[in-house]
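Shown here: protein35.txt, compact mmCIF, C-alpha atoms and all ligand atoms.
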```
# COMPACT_ATOMS: atom_id res chain seq x y z
CA MET A 79 293.51 -34.57 148.47
CA ARG A 80 291.02 -36.24 150.83
CA ILE A 81 292.40 -35.85 154.34
CA ALA A 82 291.03 -37.32 157.59
CA PHE A 83 291.88 -34.97 160.51
CA VAL A 84 291.20 -36.04 164.10
CA GLY A 85 291.78 -33.68 167.06
CA LEU A 86 290.74 -30.11 166.39
CA GLY A 87 291.81 -28.21 169.51
CA ASN A 88 293.95 -25.09 169.89
CA MET A 89 296.45 -26.47 167.39
CA GLY A 90 294.44 -28.90 165.25
CA ALA A 91 291.64 -26.48 164.34
CA PRO A 92 293.88 -23.77 162.80
CA MET A 93 295.96 -26.48 161.08
CA ALA A 94 292.79 -27.94 159.54
CA ARG A 95 291.69 -24.44 158.51
CA ASN A 96 294.93 -24.01 156.57
CA LEU A 97 294.38 -27.33 154.79
CA LEU A 98 290.83 -26.29 153.85
CA LYS A 99 292.22 -22.98 152.53
CA ALA A 100 294.72 -24.95 150.44
CA GLY A 101 291.78 -26.71 148.77
CA HIS A 102 291.81 -30.16 150.41
CA GLU A 103 288.67 -32.18 151.17
CA LEU A 104 288.68 -32.64 154.95
CA HIS A 105 286.90 -35.38 156.92
CA LEU A 106 286.92 -34.17 160.50
CA PHE A 107 286.41 -35.73 163.90
CA ASP A 108 286.68 -34.35 167.45
CA LEU A 109 284.71 -34.92 170.65
CA ASN A 110 283.94 -31.19 170.65
CA THR A 111 280.95 -30.68 168.36
CA THR A 112 281.22 -26.87 168.44
CA VAL A 113 284.57 -26.89 166.66
CA LEU A 114 283.25 -29.43 164.15
CA ALA A 115 280.34 -27.12 163.33
CA GLU A 116 282.72 -24.17 162.88
CA LEU A 117 284.92 -26.11 160.47
CA ALA A 118 281.90 -27.50 158.60
CA GLU A 119 280.96 -23.88 157.82
CA LEU A 120 284.34 -23.54 156.13
CA GLY A 121 283.67 -26.60 153.97
CA GLY A 122 284.89 -29.48 156.17
CA GLN A 123 282.88 -32.68 156.35
CA ILE A 124 281.95 -34.04 159.78
CA ALA A 125 282.76 -37.70 160.42
CA LEU A 126 281.06 -39.86 163.06
CA SER A 127 284.22 -41.37 164.55
CA PRO A 128 287.96 -41.63 163.90
CA ARG A 129 287.16 -44.84 161.99
CA ASP A 130 284.62 -43.07 159.79
CA ALA A 131 287.02 -40.17 159.10
CA ALA A 132 289.93 -42.51 158.30
CA ALA A 133 287.79 -44.59 155.93
CA GLN A 134 287.27 -41.50 153.78
CA GLY A 135 290.82 -40.16 153.73
CA ASP A 136 293.77 -40.69 151.42
CA LEU A 137 295.88 -39.39 154.33
CA VAL A 138 295.20 -39.39 158.09
CA ILE A 139 296.43 -36.62 160.41
CA THR A 140 295.89 -36.61 164.19
CA MET A 141 296.56 -33.82 166.72
CA LEU A 142 295.62 -34.97 170.23
CA PRO A 143 296.52 -33.96 173.79
CA ALA A 144 298.58 -36.93 175.04
CA ALA A 145 299.60 -40.57 174.51
CA ALA A 146 296.42 -42.06 176.02
CA HIS A 147 294.27 -40.14 173.51
CA VAL A 148 296.52 -41.20 170.64
CA ARG A 149 296.27 -44.86 171.67
CA SER A 150 292.48 -44.77 171.86
CA VAL A 151 292.00 -42.77 168.65
CA TYR A 152 294.12 -45.27 166.69
CA LEU A 153 293.45 -48.57 168.45
CA ASN A 154 289.84 -48.49 169.72
CA GLU A 155 287.01 -50.32 167.98
CA ASP A 156 285.91 -47.12 166.28
CA GLY A 157 289.49 -45.94 165.88
CA VAL A 158 291.56 -44.96 162.86
CA LEU A 159 293.06 -48.42 162.31
CA ALA A 160 289.57 -49.95 162.16
CA GLY A 161 288.62 -47.77 159.21
CA ILE A 162 291.78 -46.95 157.29
CA ARG A 163 292.42 -48.62 153.92
CA ALA A 164 295.73 -50.50 153.49
CA GLY A 165 298.37 -48.29 151.91
CA THR A 166 296.96 -45.02 153.30
CA PRO A 167 299.71 -42.89 154.89
CA ALA A 168 299.14 -41.49 158.40
CA VAL A 169 300.88 -39.05 160.72
CA ASP A 170 300.41 -38.15 164.36
CA CYS A 171 301.36 -34.54 165.20
CA SER A 172 300.64 -34.76 168.95
CA THR A 173 303.53 -34.43 171.42
CA ILE A 174 303.83 -37.85 173.08
CA ASP A 175 306.57 -40.21 174.27
CA PRO A 176 308.73 -41.81 171.54
CA GLN A 177 307.84 -45.36 172.62
CA THR A 178 304.10 -44.87 172.16
CA ALA A 179 304.81 -43.35 168.74
CA ARG A 180 306.77 -46.50 167.81
CA ASP A 181 304.12 -48.84 169.29
CA ILE A 182 301.25 -47.26 167.33
CA SER A 183 303.35 -47.24 164.17
CA ALA A 184 304.11 -50.95 164.65
CA ALA A 185 300.39 -51.71 165.09
CA ALA A 186 299.65 -49.76 161.90
CA ALA A 187 302.42 -51.52 159.98
CA LYS A 188 300.67 -54.87 160.61
CA GLN A 189 297.82 -53.52 158.47
CA GLY A 190 300.08 -52.19 155.74
CA ILE A 191 299.90 -48.62 157.03
CA ASP A 192 302.98 -46.38 157.13
CA LEU A 193 302.44 -44.18 160.22
CA GLY A 194 304.92 -41.52 161.29
CA ASP A 195 305.23 -38.92 164.04
CA ALA A 196 305.49 -35.19 163.36
CA PRO A 197 305.21 -33.11 166.54
CA VAL A 198 305.36 -29.37 166.06
CA SER A 199 306.80 -26.24 167.55
CA GLY A 200 305.57 -22.72 166.94
CA GLY A 201 302.50 -22.68 169.19
CA THR A 202 298.98 -21.57 168.33
CA GLY A 203 300.31 -18.46 166.57
CA GLY A 204 302.40 -20.63 164.26
CA ALA A 205 299.44 -22.96 163.67
CA GLN A 206 297.28 -20.01 162.61
CA ALA A 207 299.93 -18.40 160.45
CA GLY A 208 300.95 -21.73 158.88
CA THR A 209 304.54 -21.29 160.05
CA LEU A 210 304.94 -24.35 162.30
CA THR A 211 308.10 -26.43 162.46
CA PHE A 212 307.37 -30.14 161.96
CA MET A 213 309.87 -32.64 163.40
CA VAL A 214 309.17 -35.76 161.38
CA GLY A 215 310.00 -39.34 162.31
CA ALA A 216 309.15 -41.46 159.28
CA THR A 217 310.43 -43.70 156.52
CA PRO A 218 311.95 -41.70 153.65
CA ALA A 219 308.99 -42.64 151.43
CA LEU A 220 306.42 -41.48 154.00
CA PHE A 221 308.36 -38.25 154.56
CA ALA A 222 308.25 -37.54 150.82
CA THR A 223 304.46 -38.07 150.83
CA LEU A 224 303.88 -35.94 153.92
CA LYS A 225 306.17 -33.01 153.12
CA PRO A 226 303.99 -31.14 150.59
CA VAL A 227 300.95 -31.38 152.88
CA LEU A 228 302.88 -30.36 156.01
CA GLU A 229 304.24 -27.38 154.05
CA GLN A 230 300.68 -26.08 153.86
CA MET A 231 300.66 -25.85 157.68
CA GLY A 232 304.29 -25.09 158.40
CA ARG A 233 307.52 -23.48 157.26
CA ASN A 234 310.23 -25.89 158.44
CA ILE A 235 309.62 -29.55 157.71
CA VAL A 236 312.54 -31.54 159.07
CA HIS A 237 313.13 -35.26 158.58
CA CYS A 238 314.65 -36.32 161.93
CA GLY A 239 315.01 -40.03 161.11
CA GLU A 240 312.95 -43.17 161.66
CA VAL A 241 309.62 -43.23 163.49
CA GLY A 242 309.87 -41.83 167.04
CA THR A 243 312.73 -39.44 166.26
CA GLY A 244 310.35 -36.51 165.74
CA GLN A 245 309.20 -36.96 169.33
CA ILE A 246 312.81 -37.27 170.50
CA ALA A 247 313.74 -33.96 168.84
CA LYS A 248 310.70 -32.24 170.32
CA ILE A 249 311.23 -33.40 173.92
CA CYS A 250 314.99 -32.67 173.87
CA ASN A 251 314.33 -29.13 172.60
CA ASN A 252 311.66 -28.47 175.20
CA LEU A 253 313.83 -29.93 177.97
CA LEU A 254 316.44 -27.32 177.08
CA LEU A 255 313.84 -24.56 176.76
CA GLY A 256 312.38 -25.31 180.20
CA ILE A 257 315.85 -25.21 181.75
CA SER A 258 317.06 -22.10 179.90
CA MET A 259 313.97 -20.13 180.92
CA ILE A 260 314.70 -20.85 184.58
CA GLY A 261 318.33 -19.81 184.08
CA VAL A 262 317.30 -16.47 182.61
CA ALA A 263 314.69 -15.93 185.35
CA GLU A 264 317.31 -16.61 188.02
CA ALA A 265 319.84 -14.21 186.48
CA MET A 266 317.32 -11.41 185.91
CA ALA A 267 316.00 -11.70 189.48
CA LEU A 268 319.50 -11.73 190.96
CA GLY A 269 320.41 -8.61 188.99
CA ASP A 270 317.27 -6.87 190.19
CA ALA A 271 317.88 -7.87 193.82
CA LEU A 272 321.47 -6.61 193.63
CA GLY A 273 320.31 -3.29 192.21
CA ILE A 274 321.04 -3.12 188.46
CA ASP A 275 318.44 -1.80 186.02
CA THR A 276 316.90 -4.94 184.49
CA GLY A 277 316.76 -3.36 181.01
CA VAL A 278 320.50 -2.70 181.14
CA LEU A 279 321.14 -6.22 182.41
CA ALA A 280 319.03 -7.79 179.62
CA GLY A 281 320.93 -5.70 177.07
CA ILE A 282 324.25 -6.98 178.42
CA ILE A 283 323.10 -10.61 178.50
CA ASN A 284 321.73 -10.34 174.96
CA SER A 285 325.03 -9.08 173.61
CA SER A 286 327.10 -11.46 175.74
CA THR A 287 327.57 -15.16 176.29
CA GLY A 288 324.39 -15.64 178.34
CA ARG A 289 322.18 -14.85 175.35
CA CYS A 290 319.51 -17.39 174.34
CA TRP A 291 315.94 -17.38 173.01
CA SER A 292 314.60 -17.16 176.56
CA SER A 293 316.60 -13.97 177.13
CA ASP A 294 316.37 -12.12 173.81
CA THR A 295 312.96 -13.09 172.41
CA TYR A 296 310.92 -14.30 175.38
CA ASN A 297 312.52 -12.63 178.40
CA PRO A 298 310.55 -13.54 181.57
CA TRP A 299 311.04 -10.11 183.17
CA PRO A 300 308.11 -7.73 182.49
CA GLY A 301 308.81 -4.84 180.12
CA ILE A 302 312.02 -6.21 178.59
CA VAL A 303 310.52 -7.66 175.38
CA GLU A 304 307.29 -5.92 174.43
CA THR A 305 305.88 -8.92 172.55
CA ALA A 306 306.71 -11.51 175.24
CA PRO A 307 303.98 -12.88 177.57
CA ALA A 308 305.86 -11.30 180.53
CA SER A 309 304.79 -7.89 179.21
CA ARG A 310 301.08 -8.84 179.20
CA GLY A 311 300.66 -10.54 182.56
CA TYR A 312 301.93 -13.91 181.27
CA SER A 313 298.74 -14.53 179.29
CA GLY A 314 298.76 -16.53 176.04
CA GLY A 315 302.00 -18.13 174.94
CA PHE A 316 303.05 -21.62 176.06
CA GLY A 317 301.25 -22.68 179.22
CA ALA A 318 303.28 -23.95 182.18
CA GLU A 319 301.11 -27.10 182.25
CA LEU A 320 302.22 -27.93 178.69
CA MET A 321 305.85 -27.35 179.65
CA LEU A 322 305.32 -29.61 182.62
CA LYS A 323 303.89 -32.29 180.33
CA ASP A 324 306.89 -32.06 177.98
CA LEU A 325 309.40 -32.18 180.86
CA GLY A 326 307.55 -35.24 182.16
CA LEU A 327 307.97 -36.90 178.75
CA ALA A 328 311.67 -36.03 178.72
CA THR A 329 312.41 -37.26 182.23
CA GLU A 330 310.39 -40.45 181.66
CA ALA A 331 312.20 -41.17 178.38
CA ALA A 332 315.50 -40.47 180.18
CA LYS A 333 314.58 -42.94 182.91
CA GLN A 334 313.88 -45.64 180.32
CA ALA A 335 317.23 -44.93 178.65
CA ARG A 336 319.03 -44.76 182.04
CA GLN A 337 320.27 -41.35 180.97
CA PRO A 338 320.68 -38.59 183.62
CA VAL A 339 318.76 -35.34 183.10
CA VAL A 340 319.69 -33.59 186.34
CA LEU A 341 318.70 -30.04 185.44
CA GLY A 342 315.60 -31.29 183.62
CA ALA A 343 314.42 -33.02 186.79
CA VAL A 344 314.98 -29.86 188.85
CA ALA A 345 313.17 -27.80 186.19
CA GLN A 346 310.25 -30.21 186.28
CA GLN A 347 309.96 -29.77 190.05
CA LEU A 348 310.02 -25.98 189.76
CA TYR A 349 307.21 -25.96 187.17
CA GLN A 350 305.36 -28.49 189.34
CA ALA A 351 305.54 -26.07 192.29
CA MET A 352 304.36 -23.27 189.98
CA SER A 353 301.37 -25.40 189.00
CA LEU A 354 300.62 -26.13 192.68
CA ARG A 355 300.60 -22.38 193.39
CA GLY A 356 297.79 -22.10 190.83
CA ASP A 357 299.91 -20.56 188.08
CA GLY A 358 299.83 -23.55 185.71
CA GLY A 359 297.58 -21.69 183.28
CA LEU A 360 300.09 -18.87 182.87
CA ASP A 361 302.84 -18.81 180.27
CA PHE A 362 305.82 -20.88 181.46
CA SER A 363 308.01 -17.76 181.70
CA ALA A 364 305.97 -16.82 184.83
CA ILE A 365 308.40 -19.21 186.56
CA VAL A 366 310.27 -15.96 187.30
CA LYS A 367 307.68 -15.26 190.01
CA ALA A 368 309.39 -17.91 192.12
CA TYR A 369 312.39 -15.57 192.29
CA GLN A 370 310.76 -12.15 192.55
CA ARG A 371 310.50 -10.35 195.89
P1 LIG B 401 293.88 -29.20 172.87
O1 LIG B 401 293.58 -29.82 174.18
O2 LIG B 401 293.50 -27.78 172.63
O3 LIG B 401 293.18 -30.05 171.69
C1 LIG B 401 293.08 -31.44 171.66
C2 LIG B 401 291.80 -31.81 170.92
O4 LIG B 401 291.71 -33.23 170.87
C3 LIG B 401 290.53 -31.32 171.61
O5 LIG B 401 289.73 -30.61 170.69
C4 LIG B 401 289.86 -32.59 172.10
O6 LIG B 401 288.44 -32.51 172.08
C5 LIG B 401 290.36 -33.59 171.08
N1 LIG B 401 290.25 -34.96 171.54
C6 LIG B 401 290.65 -35.49 172.72
N2 LIG B 401 290.37 -36.80 172.76
C7 LIG B 401 289.78 -37.11 171.58
C8 LIG B 401 289.25 -38.30 171.02
N3 LIG B 401 289.26 -39.45 171.69
N4 LIG B 401 288.71 -38.24 169.80
C9 LIG B 401 288.71 -37.08 169.09
N5 LIG B 401 289.18 -35.92 169.57
C10 LIG B 401 289.70 -35.93 170.81
O7 LIG B 401 295.44 -29.41 172.64
P2 LIG B 401 296.38 -28.57 171.64
O8 LIG B 401 296.87 -27.35 172.33
O9 LIG B 401 295.71 -28.48 170.30
O10 LIG B 401 297.64 -29.55 171.56
C11 LIG B 401 297.64 -30.74 170.79
C12 LIG B 401 299.01 -31.37 170.87
O11 LIG B 401 299.99 -30.47 170.36
C13 LIG B 401 299.46 -31.72 172.30
O12 LIG B 401 300.13 -32.94 172.29
C14 LIG B 401 300.39 -30.56 172.66
O13 LIG B 401 301.38 -30.94 173.62
C15 LIG B 401 301.01 -30.23 171.33
N6 LIG B 401 301.48 -28.85 171.18
C16 LIG B 401 300.74 -27.81 171.62
C17 LIG B 401 301.21 -26.52 171.49
C18 LIG B 401 300.40 -25.34 171.98
O14 LIG B 401 300.96 -24.23 172.06
N7 LIG B 401 299.14 -25.51 172.28
C19 LIG B 401 302.44 -26.29 170.86
C20 LIG B 401 303.17 -27.37 170.37
C21 LIG B 401 302.67 -28.66 170.53
```
Just give me the structure of the file as structure tokens.
Amino acid sequence: MRIAFVGLGNMGAPMARNLLKAGHELHLFDLNTTVLAELAELGGQIALSPRDAAAQGDLVITMLPAAAHVRSVYLNEDGVLAGIRAGTPAVDCSTIDPQTARDISAAAAKQGIDLGDAPVSGGTGGAQAGTLTFMVGATPALFATLKPVLEQMGRNIVHCGEVGTGQIAKICNNLLLGISMIGVAEAMALGDALGIDTGVLAGIINSSTGRCWSSDTYNPWPGIVETAPASRGYSGGFGAELMLKDLGLATEAAKQARQPVVLGAVAQQLYQAMSLRGDGGLDFSAIVKAYQR
């Protein structure tokens, strides 16, 4: 299949590599020419703009940092919608607010383009290994078209509902993740301060009712889970700045819906303070430092 792929950063580049490996013809665009050159060596074709890439694709995929980038890549003069042929399916995999996802999809629909949202979880490791989870907001027909291609980059491809619902699933999950990590950090630090061995405490939590992914797979206390960022100085993993971005999306969407997210707002402030301390580049589990003596 001829696929236009725009946005080849930490996530987009390995995703595009997996599509090249699967035998697709890729038309690539990013502002970063170094990554374009790397992917051209693997057989990708470099486009001059999002419009140029889209004009050559039978499917358009985008993977951009935030809503402003998605708007400009689709709606600008040299954007995707200026080049795409009517009837070509498109999907945006960036994590953005649900309303922008709906707005861009509505603009595309005016040109006869079915555009869905499919944000991912699984991080850069999942992007490389092709094991991402895709949360897809799309018409049933678009989902059926996208699924076989997304399966070449991911393991779980879930149809969440109409356009925008992929983004809703993603921000609700990350709202909970941001909160649960702080809960685990608080409990681990309290245990340590009161004098219990933290390994024993983690073992109890993980076989009791406090257990969650943040405690048993990604524990923020160093040395508890060998493979967790906490055991390698909080490097790699899911940066606190990205968590902060996702909590911002969740609290903003909540505001629009007049829905309270009390713990989410507190969590957002704690990660904000972490960022202010200069730790925004660390994995988000380094939030535990706020509690350590
Ligand atoms: P990134 O910043 O590494 O990559 C974004 C890419 O988009 C860059 O290469 C940049 O040059 C390109 N870009 C920006 N503006 C552009 C434009 N106008 N035209 C063309 N290219 C442009 O970001 P990432 O880590 O790949 O994340 C992408 C999205 O996926 C974000 O929305 C992020 O929240 C989400 N996400 C990231 C992770 C993660 O672990 N990194 C996990 C899940 C979801």
Problem - Residue neighbourhood A:Pro307, 9 Å, all atoms listed in the file, exclusion window fewer than 2 positions, as a PyMOL selection string - result: chain A and resi 296-298+300+303-305+309-316+360-361+363-364
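Minimum atom-to-atom distances from A:Ser127, A:Asn234, A:Ser172, A:Gln337 to ligand LIG 401 (chain B) were compared using all atoms listed in the file, and the lowest value belongs to A:Ser172.
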Practice task
Record the distance separating atom C6 of ligand LIG 401 (chain B) and atom CA of A:Ala345, expressed in Å with one decimal.
Solution key: 27.3 Å
Handout entry: Near-A:Ala368 list (10 Å; all atoms listed in the file; drop same-chain fewer than 2 positions) as a count of residues only
Key = 14
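Interatomic distance, atom CA of A:Gly273 against atom CA of A:Thr295: 23.3 Å.
Atom CA of A:Leu325 is positioned 12.6 Å from atom O12 of ligand LIG 401 (chain B).
Restricting the calculation to only C-alpha atoms and all ligand atoms, the smallest distance between ligand LIG 401 (chain B) and any of A:Leu106, A:Leu193, A:Cys250, A:Leu341 is found for A:Leu106.
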Practice task
Return as number ranges by chain the residues of protein, DNA or RNA that approach ligand LIG 401 (chain B) to within 7 Å, with all atoms listed in the file taken into account.
Solution key: A: 84-90, 107-110, 128, 141-144, 147, 150-151, 171-174, 197-202, 315-316, 320
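Among the candidates A:Gly244, A:Gly301, A:Gly317, A:Pro218, the residue lying nearest to A:Gly277 is A:Gly301 (atoms considered: only C-alpha atoms).
By chain and then residue number, the residues within 8 Å of stretch 328-331 of chain A are Asp175, Pro176, Ile249, Cys250, Leu253, Asp324, Leu325, Gly326, Lys333, Gln334, Ala335, Val339, Gly342 and Ala343 of chain A, counting only C-alpha atoms and disregarding those fewer than 2 positions away in sequence.
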Practice task
Might you pull out every residue within 9 Å of A:Gln206, with only C-alpha atoms counted and same-chain residues fewer than 2 positions away left off, and present them as number ranges by chain?
Solution key: A: 89, 91-93, 95-96, 201-204, 208-210, 231
Output file for the selection above: C-alpha atoms, as a compact mmCIF listing (two decimals), keeping the file's coordinate frame:
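What ended up in out.txt:
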```
# COMPACT_ATOMS: atom_id res chain seq x y z
CA MET A 89 296.45 -26.47 167.39
CA ALA A 91 291.64 -26.48 164.34
CA PRO A 92 293.88 -23.77 162.80
CA MET A 93 295.96 -26.48 161.08
CA ARG A 95 291.69 -24.44 158.51
CA ASN A 96 294.93 -24.01 156.57
CA GLY A 201 302.50 -22.68 169.19
CA THR A 202 298.98 -21.57 168.33
CA GLY A 203 300.31 -18.46 166.57
CA GLY A 204 302.40 -20.63 164.26
CA GLY A 208 300.95 -21.73 158.88
CA THR A 209 304.54 -21.29 160.05
CA LEU A 210 304.94 -24.35 162.30
CA MET A 231 300.66 -25.85 157.68
```
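Every protein or nucleic acid residue with an atom no more than 12 Å from A:His237, counting only C-alpha atoms and leaving out same-chain residues fewer than 6 positions away, appears here: A:Gly194, A:Asp195, A:Ala196, A:Pro197, A:Thr211, A:Phe212, A:Met213, A:Val214, A:Gly215, A:Ala216, A:Thr217, A:Pro218, A:Ala219, A:Leu220, A:Phe221, A:Ala222, A:Thr223, A:Leu224, A:Lys225, A:Leu228, A:Thr243, A:Gly244, A:Gln245, A:Ala247.
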Fill in the blank from the handout: The residue from A:Asp294, A:Asp136, A:Asp270, A:Glu103 with the smallest atom-to-atom distance to A:Gln123, counting all atoms listed in the file, is A:Glu103
Practice task
Give the answer as one residue: which of A:Met321, A:Val158, A:Met259, A:Ile302 has the shortest atom-to-atom distance to A:Ala280, using all atoms listed in the file?
Solution key: A:Ile302
Practice task
For each of A:Asp156, A:Glu116, A:Asp181, A:Glu229, take the minimum atom-to-atom distance to A:Leu97, counting all atoms listed in the file, then give the residue where this is smallest.
Solution key: A:Glu229
Some atoms are missing, so please complete stretch 321-330 of chain A with all heavy atoms and return it as a CSV table (one decimal), keeping the file's coordinate frame.
```
chain,number,residue,atom,x,y,z
A,321,MET,N,304.4,-27.2,179.4
A,321,MET,CA,305.8,-27.4,179.6
A,321,MET,C,306.1,-28.5,180.6
A,321,MET,O,307.0,-29.3,180.4
A,321,MET,CB,306.5,-26.0,180.2
A,321,MET,CG,307.9,-26.2,180.6
A,321,MET,SD,309.0,-26.9,179.3
A,321,MET,CE,309.3,-25.4,178.3
A,322,LEU,N,305.2,-28.5,181.6
A,322,LEU,CA,305.3,-29.6,182.6
A,322,LEU,C,305.1,-31.0,182.0
A,322,LEU,O,305.8,-32.0,182.2
A,322,LEU,CB,304.3,-29.4,183.7
A,322,LEU,CG,304.4,-30.0,185.0
A,322,LEU,CD1,305.8,-30.0,185.6
A,322,LEU,CD2,303.4,-29.4,186.0
A,323,LYS,N,304.1,-31.0,181.0
A,323,LYS,CA,303.9,-32.3,180.3
A,323,LYS,C,305.1,-32.7,179.5
A,323,LYS,O,305.6,-33.9,179.6
A,323,LYS,CB,302.7,-32.1,179.4
A,323,LYS,CG,302.5,-33.3,178.4
A,323,LYS,CD,301.6,-32.9,177.3
A,323,LYS,CE,301.8,-33.9,176.1
A,323,LYS,NZ,301.2,-33.5,174.9
A,324,ASP,N,305.7,-31.7,178.8
A,324,ASP,CA,306.9,-32.1,178.0
A,324,ASP,C,308.1,-32.5,178.8
A,324,ASP,O,308.9,-33.4,178.4
A,324,ASP,CB,307.2,-30.9,177.1
A,324,ASP,CG,306.2,-30.7,176.0
A,324,ASP,OD1,305.2,-31.5,175.9
A,324,ASP,OD2,306.2,-29.7,175.2
A,325,LEU,N,308.3,-31.8,180.0
A,325,LEU,CA,309.4,-32.2,180.9
A,325,LEU,C,309.2,-33.6,181.4
A,325,LEU,O,310.1,-34.4,181.6
A,325,LEU,CB,309.6,-31.2,182.0
A,325,LEU,CG,310.2,-29.8,181.5
A,325,LEU,CD1,310.1,-28.8,182.7
A,325,LEU,CD2,311.6,-30.0,181.1
A,326,GLY,N,307.9,-33.9,181.7
A,326,GLY,CA,307.6,-35.2,182.2
A,326,GLY,C,307.9,-36.3,181.1
A,326,GLY,O,308.5,-37.3,181.4
A,327,LEU,N,307.6,-36.0,179.8
A,327,LEU,CA,308.0,-36.9,178.8
A,327,LEU,C,309.5,-37.1,178.7
A,327,LEU,O,310.0,-38.2,178.5
A,327,LEU,CB,307.4,-36.4,177.4
A,327,LEU,CG,305.9,-36.4,177.2
A,327,LEU,CD1,305.6,-35.6,175.9
A,327,LEU,CD2,305.4,-37.8,177.2
A,328,ALA,N,310.2,-36.0,178.8
A,328,ALA,CA,311.7,-36.0,178.7
A,328,ALA,C,312.3,-36.8,179.9
A,328,ALA,O,313.1,-37.7,179.7
A,328,ALA,CB,312.3,-34.6,178.7
A,329,THR,N,311.8,-36.6,181.1
A,329,THR,CA,312.4,-37.3,182.2
A,329,THR,C,312.0,-38.7,182.2
A,329,THR,O,312.8,-39.6,182.6
A,329,THR,CB,312.0,-36.6,183.6
A,329,THR,OG1,310.6,-36.5,183.6
A,329,THR,CG2,312.7,-35.2,183.8
A,330,GLU,N,310.8,-39.0,181.7
A,330,GLU,CA,310.4,-40.4,181.7
A,330,GLU,C,311.2,-41.2,180.6
A,330,GLU,O,311.7,-42.3,180.8
A,330,GLU,CB,308.9,-40.5,181.3
A,330,GLU,CG,308.2,-41.8,181.4
A,330,GLU,CD,308.5,-42.6,182.8
A,330,GLU,OE1,308.4,-41.9,183.8
A,330,GLU,OE2,308.8,-43.8,182.7
```
